[in-house]
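Novice: Here it is, the structure in full.
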Amino acid sequence: MAVSCMALYLTGCSSYKKVPYFQNAEQVSLSASRGIHDARIMPKDVLTISVTTPDREISSQFNQLVYNTLQASGSNRTISSGAGAMMPYTVGADGNINFPMIGKIQVQGLTRRQCEDKIAGLVKPFLSNDISPVVVVEFQSYTVTVLGEVARPGAYNVNSEKYSVLQALGAAGDLTIYGMRDNVLLIREDANGEKSTHRLDLNDANVINSPYYYLQQNDVVYVQPNKTKARNSDVGQSTSLWFSATSIVISLASLMYNILKK
């Protein structure tokens, strides 16, 4: 009895050690995590771009607006409503956007700030020498998918270019008690469509220094179930089969009894 209790105690301790995040936080140097993460523009990203200059007429040539349209009652005319929203630019598979007055601009691989500087340089020739345009580039929402042993698996829209794996797991309601915290799988697709896989150990505080700590567009995070969940699943299936078999045997026995009784 004492041996069984000791084994149960040791098993419980071993299981607990796999649950807390960042167990060695005090011993880890976080110097490698310093600096600001900048997302890189990739094909299929959606951007909004605004250009501001002292000359409003010139600015309007670069700032394309999209209006909501309504069908006029009893006619084929459409009526624009509202102030209009900035037209979104979808980055093509070749990494280009088609910008007013300029044409195609290669933006793939650029940070938001680099893209702003590049467009400002291309707009400058349209202005007087003493005027410098102000260009603002913003990422529209992109998607990160979280699957497996989390409270709310699904695809999540991200409105920030700096989004960590912890934020994604937090949006999904955190890992369940059955999720493997030391073996979280990240599936990533690069700008050329090539996929790669990476493993993250959330028990280890060094994960903050990982180049995969911050997520990119269309990343998939998969939390694998631990052995306890697998065993419980097997037990559940075995129990269901046992009850089904027992039910069949009882039904056959009842049928045979009724036949012999007659």
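We label chains A, B, ... in the order they appear in the structure tokens, count residues from 1 in each chain, and number ligands from 1 in the order shown.
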As a list of chain:residue names, list the residues of stretch 108-138 of chain A assigned to alpha helix (DSSP H) by DSSP on the backbone atoms of this structure.
Specialist: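 Residues of stretch 108-138 of chain A classed as alpha helix (DSSP H): A:Arg112, A:Arg113, A:Gln114, A:Cys115, A:Glu116, A:Asp117, A:Lys118, A:Ile119, A:Ala120, A:Gly121, A:Leu122, A:Val123.
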Novice: Using only C-alpha atoms, determine which residues lie at most 12 Å from stretch 196-212 of chain A, disregarding the query and same-chain residues fewer than 3 positions distant; provide the list as a PyMOL selection string.
Specialist: chain A and resi 16-35+37+162-166+169+174-175+179-193+215-216+219-224
Novice: With only C-alpha atoms as the atoms that count, which of A:Val91, A:Pro43, A:Thr48, A:Arg56 lies nearest to A:Leu127?
Specialist: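 Smallest separation from A:Leu127 among the options: A:Arg56.
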Novice: Give me the residues near A:Leu110 as a ChimeraX atom specification, where near means some atom within 8 Å (using only C-alpha atoms) and where sequence neighbours in that chain fewer than 5 positions away do not count.
Specialist: /A:40-41,115
Novice: Quick one: residues within 12 Å of A:Phe139, only C-alpha atoms counted, chain neighbours fewer than 3 positions away excluded, as a count of residues only?
Specialist: 30
